Structures are given as structure tokens and as C-alpha cells.
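Printed here is run_8.csv (CSV, C-alpha atoms and all ligand atoms):
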chain,number,residue,atom,x,y,z
M,1,MET,CA,0.0,0.0,0.0
M,2,ARG,CA,1.2,3.5,-0.8
M,3,TYR,CA,1.0,6.0,2.0
M,4,THR,CA,2.1,9.1,0.1
M,5,PHE,CA,1.1,10.7,-3.2
M,6,THR,CA,3.3,13.0,-5.3
M,7,ILE,CA,1.4,16.2,-6.2
M,8,LEU,CA,4.1,18.2,-7.9
M,9,LYS,CA,7.9,18.6,-8.3
M,10,ILE,CA,9.8,21.8,-7.6
M,11,ARG,CA,13.5,22.1,-8.4
M,12,GLY,CA,13.6,18.3,-8.8
M,13,ILE,CA,12.1,17.8,-5.3
M,14,PRO,CA,8.9,15.7,-5.3
M,15,ILE,CA,6.3,17.2,-2.9
M,16,GLU,CA,4.2,14.3,-1.4
M,17,LEU,CA,1.0,14.3,0.6
M,18,HIS,CA,0.7,11.6,3.3
M,19,ILE,CA,-2.6,9.7,3.2
M,20,THR,CA,-3.4,10.9,6.8
M,21,PHE,CA,-3.1,14.5,5.5
M,22,ILE,CA,-5.7,13.9,2.8
M,23,GLY,CA,-7.9,12.2,5.5
M,24,LEU,CA,-7.7,15.2,7.7
M,25,LEU,CA,-8.7,17.5,4.9
M,26,GLY,CA,-11.7,15.2,4.2
M,27,ILE,CA,-12.8,15.2,7.8
M,28,LEU,CA,-12.4,19.0,8.0
M,29,PHE,CA,-14.6,19.3,4.8
M,30,ILE,CA,-17.3,17.0,6.2
M,31,PHE,CA,-17.4,18.6,9.6
M,32,SER,CA,-17.6,22.2,8.4
M,33,PHE,CA,-19.8,21.7,5.3
M,34,PRO,CA,-21.5,23.8,3.9
M,35,ILE,CA,-19.0,26.4,5.3
M,36,ILE,CA,-15.8,26.0,3.3
M,37,TYR,CA,-13.7,28.5,5.2
M,38,PRO,CA,-11.7,26.0,7.4
M,39,VAL,CA,-10.8,24.0,4.3
M,40,LEU,CA,-9.8,27.2,2.4
M,41,LEU,CA,-7.6,28.4,5.3
M,42,PHE,CA,-6.1,25.0,5.8
M,43,GLY,CA,-5.3,24.8,2.1
M,44,LEU,CA,-3.5,28.1,2.2
M,45,LEU,CA,-1.7,27.2,5.4
M,46,PHE,CA,-0.6,24.0,3.6
M,47,ILE,CA,1.0,26.1,0.8
M,48,SER,CA,2.7,28.2,3.5
M,49,VAL,CA,4.1,25.0,5.0
M,50,VAL,CA,5.4,23.8,1.6
M,51,VAL,CA,7.2,27.1,1.1
M,52,HIS,CA,8.7,26.7,4.6
M,53,GLU,CA,10.0,23.3,3.6
M,54,LEU,CA,11.2,24.5,0.2
M,55,ALA,CA,13.2,27.2,2.0
M,56,HIS,CA,15.1,24.5,4.0
M,57,SER,CA,15.5,22.4,0.8
M,58,ILE,CA,16.8,25.3,-1.4
M,59,VAL,CA,19.5,26.3,1.2
M,60,ALA,CA,20.5,22.6,1.5
M,61,GLN,CA,20.8,22.3,-2.3
M,62,ARG,CA,22.8,25.5,-2.5
M,63,ASN,CA,25.3,23.8,-0.1
M,64,ASN,CA,25.4,20.7,-2.3
M,65,ILE,CA,23.3,18.6,0.0
M,66,PRO,CA,20.7,16.5,-2.0
M,67,VAL,CA,17.0,16.8,-0.9
M,68,LYS,CA,15.1,13.5,-1.5
M,69,LYS,CA,11.5,14.8,-1.1
M,70,ILE,CA,9.1,16.9,1.0
M,71,VAL,CA,6.3,15.0,2.7
M,72,LEU,CA,3.3,16.7,4.3
M,73,TYR,CA,1.7,15.1,7.4
M,74,PRO,CA,-1.2,16.5,9.4
M,75,ILE,CA,1.3,17.6,12.1
M,76,GLY,CA,3.4,19.5,9.6
M,77,GLY,CA,5.9,19.1,6.7
M,78,ALA,CA,9.3,17.4,6.6
M,79,ALA,CA,12.0,17.9,4.0
M,80,GLN,CA,14.0,14.7,3.8
M,81,ILE,CA,17.5,16.0,3.5
M,82,ASP,CA,20.0,13.2,2.6
M,83,GLU,CA,22.5,14.1,5.2
M,84,ILE,CA,22.4,16.9,7.7
M,85,PRO,CA,25.9,18.4,7.6
M,86,GLU,CA,28.1,18.2,10.6
M,87,LYS,CA,29.3,21.7,9.8
M,88,PRO,CA,27.4,23.9,12.3
M,89,GLY,CA,27.3,27.0,9.9
M,90,ILE,CA,25.5,25.0,7.2
M,91,GLU,CA,23.1,23.2,9.6
M,92,ALA,CA,22.2,26.6,11.2
M,93,ARG,CA,21.5,28.2,7.8
M,94,ILE,CA,19.3,25.3,6.6
M,95,ALA,CA,17.4,25.2,9.9
M,96,LEU,CA,16.9,29.0,10.1
M,97,ALA,CA,15.6,29.3,6.5
M,98,GLY,CA,12.2,27.7,7.2
M,99,PRO,CA,11.1,29.7,10.2
M,100,LEU,CA,12.4,33.0,8.6
M,101,THR,CA,10.3,32.2,5.5
M,102,SER,CA,7.2,31.5,7.6
M,103,LEU,CA,7.7,34.8,9.4
M,104,VAL,CA,8.0,36.6,6.0
M,105,ILE,CA,4.8,34.9,4.7
M,106,GLY,CA,3.1,35.9,8.0
M,107,ILE,CA,4.1,39.6,7.7
M,108,ILE,CA,3.1,39.7,3.9
M,109,SER,CA,-0.3,38.1,4.7
M,110,LEU,CA,-1.0,40.6,7.4
M,111,GLY,CA,0.0,43.3,5.0
M,112,ILE,CA,-2.4,42.0,2.3
M,113,ASN,CA,-5.1,41.9,5.0
M,114,LEU,CA,-4.7,45.6,5.6
M,115,LEU,CA,-5.2,46.3,1.9
M,116,TYR,CA,-7.8,43.6,1.2
M,117,PRO,CA,-9.6,42.3,4.3
M,118,ILE,CA,-11.6,39.4,2.8
M,119,SER,CA,-14.0,37.9,5.3
M,120,PHE,CA,-15.8,34.5,5.2
M,121,PRO,CA,-18.5,33.0,7.4
M,122,THR,CA,-16.9,30.5,9.7
M,123,ILE,CA,-17.8,28.2,12.5
M,124,SER,CA,-17.6,29.0,16.2
M,125,ILE,CA,-15.6,25.9,17.1
M,126,PHE,CA,-12.7,27.2,15.1
M,127,ILE,CA,-11.0,30.1,16.8
M,128,TRP,CA,-10.2,31.7,13.4
M,129,SER,CA,-11.6,35.1,12.8
M,130,GLY,CA,-12.9,34.4,9.3
M,131,THR,CA,-10.7,37.1,7.8
M,132,LEU,CA,-8.6,35.1,5.4
M,133,PHE,CA,-5.2,36.8,5.3
M,134,PHE,CA,-5.4,37.9,8.9
M,135,ASP,CA,-5.8,34.2,10.0
M,136,LEU,CA,-3.2,33.0,7.5
M,137,GLY,CA,-0.7,35.7,8.8
M,138,VAL,CA,-1.3,34.8,12.4
M,139,LEU,CA,-1.0,31.1,11.8
M,140,SER,CA,2.2,31.5,9.7
M,141,ILE,CA,3.8,33.6,12.5
M,142,ILE,CA,2.8,30.9,15.1
M,143,LEU,CA,4.3,28.3,12.8
M,144,ALA,CA,7.6,30.3,12.7
M,145,MET,CA,7.7,30.7,16.5
M,146,PHE,CA,6.7,27.1,17.2
M,147,ASN,CA,9.5,25.8,14.9
M,148,LEU,CA,12.0,28.0,16.7
M,149,ILE,CA,11.4,26.3,20.1
M,150,PRO,CA,14.8,24.6,20.8
M,151,ALA,CA,13.2,21.2,20.8
M,152,PHE,CA,15.7,19.2,18.8
M,153,PRO,CA,15.3,17.9,16.1
M,154,MET,CA,12.9,20.7,15.3
M,155,ASP,CA,14.4,23.8,13.5
M,156,GLY,CA,15.1,25.7,16.8
M,157,GLY,CA,16.8,22.6,18.2
M,158,ARG,CA,19.0,22.2,15.1
M,159,ILE,CA,20.1,25.8,15.5
M,160,LEU,CA,20.8,25.1,19.1
M,161,ARG,CA,22.9,22.0,18.1
M,162,ALA,CA,24.8,24.1,15.6
M,163,ILE,CA,25.6,26.7,18.2
M,164,LEU,CA,26.7,24.0,20.7
M,165,THR,CA,28.8,22.2,18.1
M,166,PHE,CA,30.5,25.6,17.3
M,167,VAL,CA,31.1,26.4,20.9
M,168,ARG,CA,32.2,22.9,22.2
M,169,ASN,CA,33.7,21.7,18.9
M,170,ASP,CA,32.3,18.2,19.7
M,171,TYR,CA,29.4,17.2,17.4
M,172,VAL,CA,28.4,14.1,19.4
M,173,LYS,CA,28.3,15.9,22.8
M,174,ALA,CA,26.5,18.8,21.2
M,175,THR,CA,23.9,16.4,19.7
M,176,GLU,CA,23.5,14.7,23.1
M,177,ASN,CA,23.0,18.0,24.9
M,178,ALA,CA,20.5,19.3,22.2
M,179,ALA,CA,18.7,16.0,22.3
M,180,GLY,CA,18.4,16.2,26.1
M,181,ILE,CA,16.8,19.6,25.9
M,182,GLY,CA,14.6,18.4,23.0
M,183,ARG,CA,13.4,15.4,25.0
M,184,GLY,CA,12.6,17.7,27.9
M,185,PHE,CA,10.4,19.9,25.6
M,186,ALA,CA,8.9,16.8,24.1
M,187,LEU,CA,7.8,15.5,27.5
M,188,LEU,CA,6.3,18.9,28.3
M,189,MET,CA,4.4,18.9,25.0
M,190,ILE,CA,3.1,15.4,25.7
M,191,PHE,CA,2.1,16.4,29.2
M,192,PHE,CA,0.2,19.6,28.2
M,193,GLY,CA,-1.0,17.9,25.1
M,194,ILE,CA,-2.7,15.1,27.0
M,195,MET,CA,-4.4,17.8,29.2
M,196,GLY,CA,-6.0,19.5,26.2
M,197,ASN,CA,-4.4,19.4,22.7
M,198,ILE,CA,-3.8,15.9,21.4
M,199,TRP,CA,-2.0,17.4,18.4
M,200,LEU,CA,0.7,18.8,20.6
M,201,ALA,CA,1.1,15.4,22.3
M,202,ILE,CA,1.6,13.7,19.0
M,203,ILE,CA,4.2,16.3,18.0
M,204,GLY,CA,5.9,15.8,21.3
M,205,PHE,CA,6.0,12.0,20.8
M,206,PHE,CA,7.7,12.4,17.4
M,207,ILE,CA,10.2,14.9,18.8
M,208,TYR,CA,11.1,12.5,21.6
M,209,ILE,CA,11.7,9.6,19.1
M,210,GLY,CA,13.5,11.9,16.7
M,211,ALA,CA,15.9,13.2,19.3
M,212,SER,CA,16.9,9.7,20.4
M,213,GLN,CA,17.5,8.6,16.7
M,214,GLU,CA,19.7,11.7,16.1
M,215,VAL,CA,21.9,10.9,19.1
M,216,ARG,CA,22.3,7.3,17.9
M,217,LEU,CA,23.2,8.4,14.3
M,218,ALA,CA,25.7,11.0,15.7
M,219,ARG,CA,27.4,8.4,17.8
M,220,ILE,CA,27.5,5.8,14.9
M,221,SER,CA,28.9,8.5,12.6
M,222,ALA,CA,31.6,9.5,15.1
M,223,ILE,CA,32.7,5.8,15.3
M,224,LEU,CA,32.4,4.8,11.7
M,225,LYS,CA,33.8,7.9,9.9
M,226,PRO,CA,37.4,7.4,10.8
M,227,ILE,CA,37.4,3.8,9.6
M,228,GLN,CA,38.1,3.2,5.9
M,229,ILE,CA,36.2,0.5,4.0
M,230,SER,CA,39.5,-1.1,3.0
M,231,GLU,CA,40.3,-1.8,6.7
M,232,VAL,CA,37.3,-3.9,7.4
M,233,MET,CA,36.0,-5.3,4.0
M,234,LEU,CA,35.9,-9.0,3.4
M,235,ASP,CA,37.9,-10.4,0.4
M,236,ARG,CA,35.9,-11.0,-2.8
M,237,GLU,CA,36.1,-14.8,-2.2
M,238,TYR,CA,33.6,-14.4,0.7
M,239,ALA,CA,30.9,-13.2,-1.7
M,240,LEU,CA,29.0,-15.7,-3.8
M,241,THR,CA,29.2,-14.3,-7.3
M,242,VAL,CA,27.0,-15.6,-10.1
M,243,PRO,CA,26.5,-14.6,-13.8
M,244,PRO,CA,23.1,-13.0,-14.8
M,245,GLU,CA,22.4,-16.1,-17.1
M,246,MET,CA,22.1,-18.4,-14.1
M,247,VAL,CA,18.5,-19.7,-13.4
M,248,ILE,CA,16.9,-18.9,-10.1
M,249,SER,CA,16.6,-22.5,-8.9
M,250,GLU,CA,20.3,-23.1,-9.3
M,251,ALA,CA,21.1,-19.8,-7.5
M,252,ILE,CA,18.8,-20.8,-4.6
M,253,THR,CA,20.6,-24.1,-4.3
M,254,LEU,CA,24.1,-22.4,-4.3
M,255,MET,CA,23.0,-19.9,-1.7
M,256,HIS,CA,21.6,-22.6,0.5
M,257,ARG,CA,24.8,-24.6,0.3
M,258,ALA,CA,27.0,-21.6,1.0
M,259,GLN,CA,24.6,-20.4,3.7
M,260,VAL,CA,24.5,-16.8,2.3
M,261,GLN,CA,21.6,-14.5,2.0
M,262,ASP,CA,22.8,-12.3,-0.8
M,263,LEU,CA,24.3,-12.8,-4.2
M,264,VAL,CA,26.7,-10.5,-6.1
M,265,VAL,CA,25.8,-10.6,-9.8
M,266,CYS,CA,28.7,-10.2,-12.2
M,267,THR,CA,29.5,-10.7,-15.9
M,268,ASP,CA,33.1,-11.6,-16.8
M,269,TYR,CA,34.0,-7.9,-16.9
M,270,ASP,CA,31.4,-6.0,-14.9
M,271,LEU,CA,29.7,-5.9,-11.6
M,272,ILE,CA,25.9,-5.6,-12.0
M,273,GLY,CA,24.7,-5.5,-8.4
M,274,VAL,CA,23.2,-7.4,-5.5
M,275,VAL,CA,20.2,-9.8,-5.3
M,276,SER,CA,18.9,-11.1,-2.0
M,277,TRP,CA,17.4,-14.5,-1.0
M,278,ASP,CA,14.1,-12.8,-0.5
M,279,ASP,CA,14.1,-11.4,-4.1
M,280,LEU,CA,14.7,-14.9,-5.4
M,281,LEU,CA,11.9,-16.5,-3.3
M,282,LYS,CA,9.4,-13.9,-4.7
M,283,ILE,CA,9.5,-15.9,-8.0
M,284,PRO,CA,6.9,-18.7,-7.8
M,285,PRO,CA,8.6,-22.2,-7.7
M,286,PRO,CA,7.5,-23.4,-11.2
M,287,LEU,CA,9.0,-20.3,-12.8
M,288,ARG,CA,12.4,-20.6,-10.9
M,289,LEU,CA,13.6,-23.2,-13.5
M,290,ILE,CA,13.1,-20.8,-16.4
M,291,THR,CA,13.7,-17.4,-14.9
M,292,ARG,CA,17.2,-16.0,-15.0
M,293,ILE,CA,18.9,-13.8,-12.4
M,294,GLY,CA,19.3,-11.2,-15.2
M,295,ASP,CA,15.5,-11.0,-15.6
M,296,LEU,CA,15.1,-9.8,-12.0
M,297,LYS,CA,15.5,-6.2,-10.8
M,298,ILE,CA,19.1,-6.2,-9.6
M,299,ASN,CA,20.0,-3.5,-7.2
M,300,PRO,CA,23.1,-1.7,-8.8
M,301,ILE,CA,24.8,-0.7,-5.6
M,302,SER,CA,28.5,-0.5,-4.9
M,303,ILE,CA,31.0,1.6,-3.1
M,304,LYS,CA,34.7,2.5,-3.4
M,305,ALA,CA,37.3,1.2,-0.9
M,306,GLU,CA,38.6,4.7,0.0
M,307,ASN,CA,35.2,5.7,1.4
M,308,SER,CA,34.5,5.5,5.1
M,309,VAL,CA,32.5,2.7,6.8
M,310,PHE,CA,29.9,5.4,7.7
M,311,ASP,CA,29.3,6.0,3.9
M,312,ALA,CA,28.8,2.2,3.5
M,313,TYR,CA,26.5,2.1,6.5
M,314,LYS,CA,24.3,4.9,5.0
M,315,VAL,CA,24.1,3.2,1.6
M,316,MET,CA,23.1,-0.1,3.3
M,317,LEU,CA,20.5,1.6,5.4
M,318,LYS,CA,19.0,3.5,2.5
M,319,GLU,CA,19.0,0.5,0.1
M,320,LYS,CA,18.0,-2.0,2.8
M,321,THR,CA,20.8,-4.4,2.0
M,322,ARG,CA,23.0,-6.6,4.1
M,323,LEU,CA,25.8,-6.7,1.6
M,324,LEU,CA,27.6,-4.0,-0.4
M,325,PRO,CA,30.1,-4.7,-3.1
M,326,VAL,CA,33.4,-2.7,-2.9
M,327,VAL,CA,34.6,-1.9,-6.4
M,328,ASN,CA,38.0,-1.5,-8.0
M,329,PRO,CA,38.5,-1.3,-11.7
M,330,LYS,CA,41.7,-3.5,-11.4
M,331,ALA,CA,39.9,-6.4,-9.7
M,332,PRO,CA,38.1,-9.2,-11.8
M,333,CYS,CA,34.6,-8.0,-12.7
M,334,ASN,CA,35.5,-4.8,-10.8
M,335,LEU,CA,34.7,-6.6,-7.5
M,336,MET,CA,37.4,-6.0,-4.9
M,337,GLY,CA,35.5,-7.2,-1.8
M,338,VAL,CA,32.3,-6.8,0.2
M,339,ILE,CA,31.0,-5.0,3.2
M,340,THR,CA,28.4,-6.9,5.2
M,341,ASN,CA,26.2,-6.2,8.2
M,342,GLN,CA,28.9,-8.0,10.3
M,343,SER,CA,31.6,-5.7,8.9
M,344,ILE,CA,29.5,-2.8,10.3
M,345,SER,CA,29.1,-4.4,13.7
M,346,TYR,CA,32.8,-5.2,13.8
M,347,SER,CA,33.6,-1.6,12.9
M,348,LEU,CA,31.3,-0.3,15.7
M,349,GLY,CA,33.4,-2.5,18.1
M,350,ILE,CA,36.7,-0.8,16.9
M,351,ASP,CA,35.4,2.6,18.3
M,352,ARG,CA,38.5,4.8,17.9
M,353,THR,CA,36.7,7.6,19.7
M,354,GLU,CA,37.3,5.6,22.9
M,355,GLU,CA,40.9,5.1,22.0
M,356,LYS,CA,41.3,8.8,21.4
M,357,ALA,CA,39.7,9.5,24.8
M,358,LEU,CA,42.1,7.1,26.5
M,359,PHE,CA,45.0,8.8,24.9
M,360,PHE,CA,44.1,12.3,25.9
M,361,ASN,CA,42.7,11.7,29.4
K,401,ZN,ZN,11.2,23.8,9.4
Using the file provided, produce a representation of the structure as C-alpha cells.
Amino acid sequence: MRYTFTILKIRGIPIELHITFIGLLGILFIFSFPIIYPVLLFGLLFISVVVHELAHSIVAQRNNIPVKKIVLYPIGGAAQIDEIPEKPGIEARIALAGPLTSLVIGIISLGINLLYPISFPTISIFIWSGTLFFDLGVLSIILAMFNLIPAFPMDGGRILRAILTFVRNDYVKATENAAGIGRGFALLMIFFGIMGNIWLAIIGFFIYIGASQEVRLARISAILKPIQISEVMLDREYALTVPPEMVISEAITLMHRAQVQDLVVCTDYDLIGVVSWDDLLKIPPPLRLITRIGDLKINPISIKAENSVFDAYKVMLKEKTRLLPVVNPKAPCNLMGVITNQSISYSLGIDRTEEKALFFN
């Protein structure tokens, strides 16, 4: 089942609506019908949130950081930025761009309201005044202010982490401190949310989880970044390599005998990619005798030996794979070795950050 729907693309960034967002719009429409004002205001606020997320995205792109997509949930938007930079200046600029843009939208809306005060009939259960650009202006300014609360990983929290990283010159410690403050705010939001505003409680819940994940990622990054792939990769002999002409049934037998869960697909000269045991089992048994590996969708992933283990970890997480081929044009079929889940666990055990701490203490 698909949970998001792409509505448009701006600067190569798909803008997607989450199914719960569409549901909320539907509920709002049904509850307020025949009065359309709440849906109209919500629609404009939604455009204001998209512009807020685009502001984050454009600043990220200007700093050569790819933006995957923008997804809109009922509790707000999220720009999925590939990798939040550890350079505090860039993180602060990306984080600040959103709330600043919302503030500008708010001020412009209030300005428009002074010139063209358009009023609509509204319903008493909504606190909005019914004056379109006044309400939009106020809500956009609230959006800017709310995002500036230093509840990491919200925008304000990211600015706080950037400042702490700059001051302490320790990215992991700064993340831990910002996340601690973020969790505090999250618990307050959950507490006050349960008392009255369930929306606030849900946002608090996501902030709490987000803060914990960011700390984990920062710690993993600190350990894995100093380790090169060439230090921990397994030799090419550890990978089961097969040609694309092999039929599925034969490949399954080979994998079972070798007790491996992933295959590296290679021609005589070139690496094609990785196929997993689960991919092969998706083919119905009668077809396994006639279907070839090359007929399947092979994931064309690989990495170079001079990259860090953290780079490999990110690719494996993103591609949901347990095995990543390491390429070198001089090796047969370009395959120099492989990084597996175990290589990552092994690398996490090396932990040079501890060694460094022992040295300097
Ligand atoms: Zn934002």
C-alpha cells in the first residue's frame, strides 16, 4: 500500500501528501460543510508549510546537499534531506531558512489583510476570525515561532545543536545536549497535550523519538567515519558471485549450500549489483527453473574502498541491503571485496573515539 502521493515537483524535489493529511482535509470538509472557510484556510496554510520546507531544501541544495523529497503530514511538513551536515554553519542556515520564510509569509499576509480584508462566514468551534489573510498571517507567524522552540530535532533545536557544536567543537556531545533539551520539551508537550491538545502530544511524541534517533546516528557517525572500508571489508572470495544467465533455482541451491543471504551478480568484466534471497523467493517455484537472475530487478549498488565505513552504512541503510560490493577497476569484474552487516558491527566495536579518549585523558 502506498502512503504518500506526489502532487508536484519543484527544483527536482517531489512534494508528497501523506494519506493521513488527505484524510484530515476530508474530515475538515465534512465537519464544516457547507461552510468552506476552514478547508480554504487549511489549504493556504498547507501552501505556506510547503514554502517553509522548500526554503530548508533550497538552502540545502545550495550547499550541495541533496534533498530527497518533501512530505506533508497533518502535524506539519518534513523535508527529507539526505545528510544533515556536521558543519554547524550550514546546519544553522538550513534550519533558520524555514522559520524565517514562515515569518515573512506571515508579515506579507498581514500586509495583504490591511489592503484587502476578505471575510468569510466561519464556525464558532474554530478560533479563526474568518478574515482570510489575517488568519493566515497569524498562523504562519505561530508556525515560525513554534518551529524556533529549541526542541531538537525541530528547527530551533537544530540551530541550538549548531551553536553547541560551534562552541564545544564536539558534534556528538552537542547532539546529546541538544537532544536532552529536546526530550525535555517533548515531555512537556506530551504532558500539556494530553491535558488539552492531542496534536501537541503527537508532535511531542515524534520529537522524543527523533531526538533519540539523532543521538544514535551522531554516535555511529563518530565511530564509523574514521574507519576506511579497505580496513574492514571482506575479500571477494567471501561473496557468492553468479552470472546473470544463471537460473533462479540453481542460484537458490548455491545460496543454501553456501549459507549466504545475498548474491553478487557479475558478468566476466562488470559488476551488475546485488540480489537477495528474499528477491529470489518472490518468484513462484514453477518459474524458478526458467527465470534467469538477469530477468530480476538487480540493485546496482557498490562503493569504493577509499570511502568511510559510515558511507557504506548509510548506503546499506538506504538500500535496505545486508551486503555492499566494494569496487575497484583493477579487480576481476570490478569486485574487490564486500562490506556486510557483520563488517559494520565489527567496525562499531573498533570505536576509535574511545581510543582517542584514553590517549588524551
Ligand atoms: Zn522547518
Coordinates-based distance that separates CA of Ile190 in chain M from CA of Leu96 in chain M (Å, one decimal):
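Computing it gives 24.9 Å between the two atoms.
Near Leu17 in chain M, within 10 Å and counting only C-alpha atoms, sit Tyr3, Thr4, Phe5, Thr6, Ile7, Leu8, Phe21, Ile22, Ile70, Val71, Leu72, Tyr73, Pro74 and Gly77 of chain M, not including residues fewer than 4 positions from it in the same chain.
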Given the selection you just returned, output its residues as a file containing C-alpha atoms, formatted as an mmCIF file, keeping the file's coordinate frame.
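To be explicit, this is the file written out as out-v3.cif:
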data_model
loop_
_atom_site.group_PDB
_atom_site.id
_atom_site.type_symbol
_atom_site.label_atom_id
_atom_site.label_comp_id
_atom_site.auth_asym_id
_atom_site.auth_seq_id
_atom_site.Cartn_x
_atom_site.Cartn_y
_atom_site.Cartn_z
ATOM 1 C CA TYR M 3 1.000 6.000 2.000
ATOM 2 C CA THR M 4 2.100 9.100 0.100
ATOM 3 C CA PHE M 5 1.100 10.700 -3.200
ATOM 4 C CA THR M 6 3.300 13.000 -5.300
ATOM 5 C CA ILE M 7 1.400 16.200 -6.200
ATOM 6 C CA LEU M 8 4.100 18.200 -7.900
ATOM 7 C CA PHE M 21 -3.100 14.500 5.500
ATOM 8 C CA ILE M 22 -5.700 13.900 2.800
ATOM 9 C CA ILE M 70 9.100 16.900 1.000
ATOM 10 C CA VAL M 71 6.300 15.000 2.700
ATOM 11 C CA LEU M 72 3.300 16.700 4.300
ATOM 12 C CA TYR M 73 1.700 15.100 7.400
ATOM 13 C CA PRO M 74 -1.200 16.500 9.400
ATOM 14 C CA GLY M 77 5.900 19.100 6.700
#
Counting all atoms listed in the file, the option among M:Pro325, M:Gly156, M:Gly130, M:Gly89 closest to ligand ZN 401 (chain K):
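For ligand ZN 401 (chain K), the nearest of the candidates is M:Gly156.
The interatomic distance for the pair CA of Glu319 in chain M and CA of Leu54 in chain M works out to 25.2 Å.
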Pick out the closest residue to ligand ZN 401 (chain K) from this set: M:Asp135, M:Glu16, M:Glu91, M:Asp155. Count only C-alpha atoms and all ligand atoms.
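Looking only at the distances to ligand ZN 401 (chain K), the closest residue turns out to be M:Asp155.
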Could you add N, CA and C atoms to range 284-303 of chain M and give me the result as an mmCIF file, in the frame of the given file?
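The file below, selection34.cif, is the result:
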data_model
loop_
_atom_site.group_PDB
_atom_site.id
_atom_site.type_symbol
_atom_site.label_atom_id
_atom_site.label_comp_id
_atom_site.auth_asym_id
_atom_site.auth_seq_id
_atom_site.Cartn_x
_atom_site.Cartn_y
_atom_site.Cartn_z
ATOM 1 N N PRO M 284 7.596 -17.468 -8.156
ATOM 2 C CA PRO M 284 6.900 -18.700 -7.800
ATOM 3 C C PRO M 284 7.720 -19.941 -8.262
ATOM 4 N N PRO M 285 7.709 -21.024 -7.425
ATOM 5 C CA PRO M 285 8.600 -22.200 -7.700
ATOM 6 C C PRO M 285 8.568 -22.707 -9.140
ATOM 7 N N PRO M 286 7.422 -22.825 -9.824
ATOM 8 C CA PRO M 286 7.500 -23.400 -11.200
ATOM 9 C C PRO M 286 8.304 -22.495 -12.147
ATOM 10 N N LEU M 287 8.320 -21.200 -11.859
ATOM 11 C CA LEU M 287 9.000 -20.300 -12.800
ATOM 12 C C LEU M 287 10.527 -20.190 -12.484
ATOM 13 N N ARG M 288 10.944 -20.749 -11.313
ATOM 14 C CA ARG M 288 12.400 -20.600 -10.900
ATOM 15 C C ARG M 288 13.291 -21.371 -11.847
ATOM 16 N N LEU M 289 12.730 -22.388 -12.563
ATOM 17 C CA LEU M 289 13.600 -23.200 -13.500
ATOM 18 C C LEU M 289 13.840 -22.470 -14.787
ATOM 19 N N ILE M 290 12.972 -21.506 -15.120
ATOM 20 C CA ILE M 290 13.100 -20.800 -16.400
ATOM 21 C C ILE M 290 13.509 -19.351 -16.301
ATOM 22 N N THR M 291 13.350 -18.788 -15.071
ATOM 23 C CA THR M 291 13.700 -17.400 -14.900
ATOM 24 C C THR M 291 15.163 -17.220 -14.599
ATOM 25 N N ARG M 292 15.799 -16.260 -15.257
ATOM 26 C CA ARG M 292 17.200 -16.000 -15.000
ATOM 27 C C ARG M 292 17.414 -14.869 -14.051
ATOM 28 N N ILE M 293 18.549 -14.867 -13.358
ATOM 29 C CA ILE M 293 18.900 -13.800 -12.400
ATOM 30 C C ILE M 293 18.765 -12.433 -13.141
ATOM 31 N N GLY M 294 19.286 -12.410 -14.381
ATOM 32 C CA GLY M 294 19.300 -11.200 -15.200
ATOM 33 C C GLY M 294 17.891 -10.635 -15.450
ATOM 34 N N ASP M 295 16.845 -11.505 -15.324
ATOM 35 C CA ASP M 295 15.500 -11.000 -15.600
ATOM 36 C C ASP M 295 14.915 -10.286 -14.365
ATOM 37 N N LEU M 296 15.592 -10.452 -13.205
ATOM 38 C CA LEU M 296 15.100 -9.800 -12.000
ATOM 39 C C LEU M 296 15.601 -8.350 -11.936
ATOM 40 N N LYS M 297 15.009 -7.597 -11.009
ATOM 41 C CA LYS M 297 15.500 -6.200 -10.800
ATOM 42 C C LYS M 297 16.708 -6.352 -9.865
ATOM 43 N N ILE M 298 17.880 -6.093 -10.423
ATOM 44 C CA ILE M 298 19.100 -6.200 -9.600
ATOM 45 C C ILE M 298 19.474 -4.820 -9.115
ATOM 46 N N ASN M 299 19.725 -4.748 -7.811
ATOM 47 C CA ASN M 299 20.000 -3.500 -7.200
ATOM 48 C C ASN M 299 21.497 -3.077 -7.540
ATOM 49 N N PRO M 300 21.714 -2.043 -8.382
ATOM 50 C CA PRO M 300 23.100 -1.700 -8.800
ATOM 51 C C PRO M 300 23.881 -0.934 -7.828
ATOM 52 N N ILE M 301 24.110 -1.508 -6.637
ATOM 53 C CA ILE M 301 24.800 -0.700 -5.600
ATOM 54 C C ILE M 301 26.258 -1.163 -5.502
ATOM 55 N N SER M 302 27.115 -0.211 -5.141
ATOM 56 C CA SER M 302 28.500 -0.500 -4.900
ATOM 57 C C SER M 302 29.134 0.716 -4.211
ATOM 58 N N ILE M 303 30.355 0.529 -3.727
ATOM 59 C CA ILE M 303 31.000 1.600 -3.100
ATOM 60 C C ILE M 303 32.537 1.471 -3.292
#
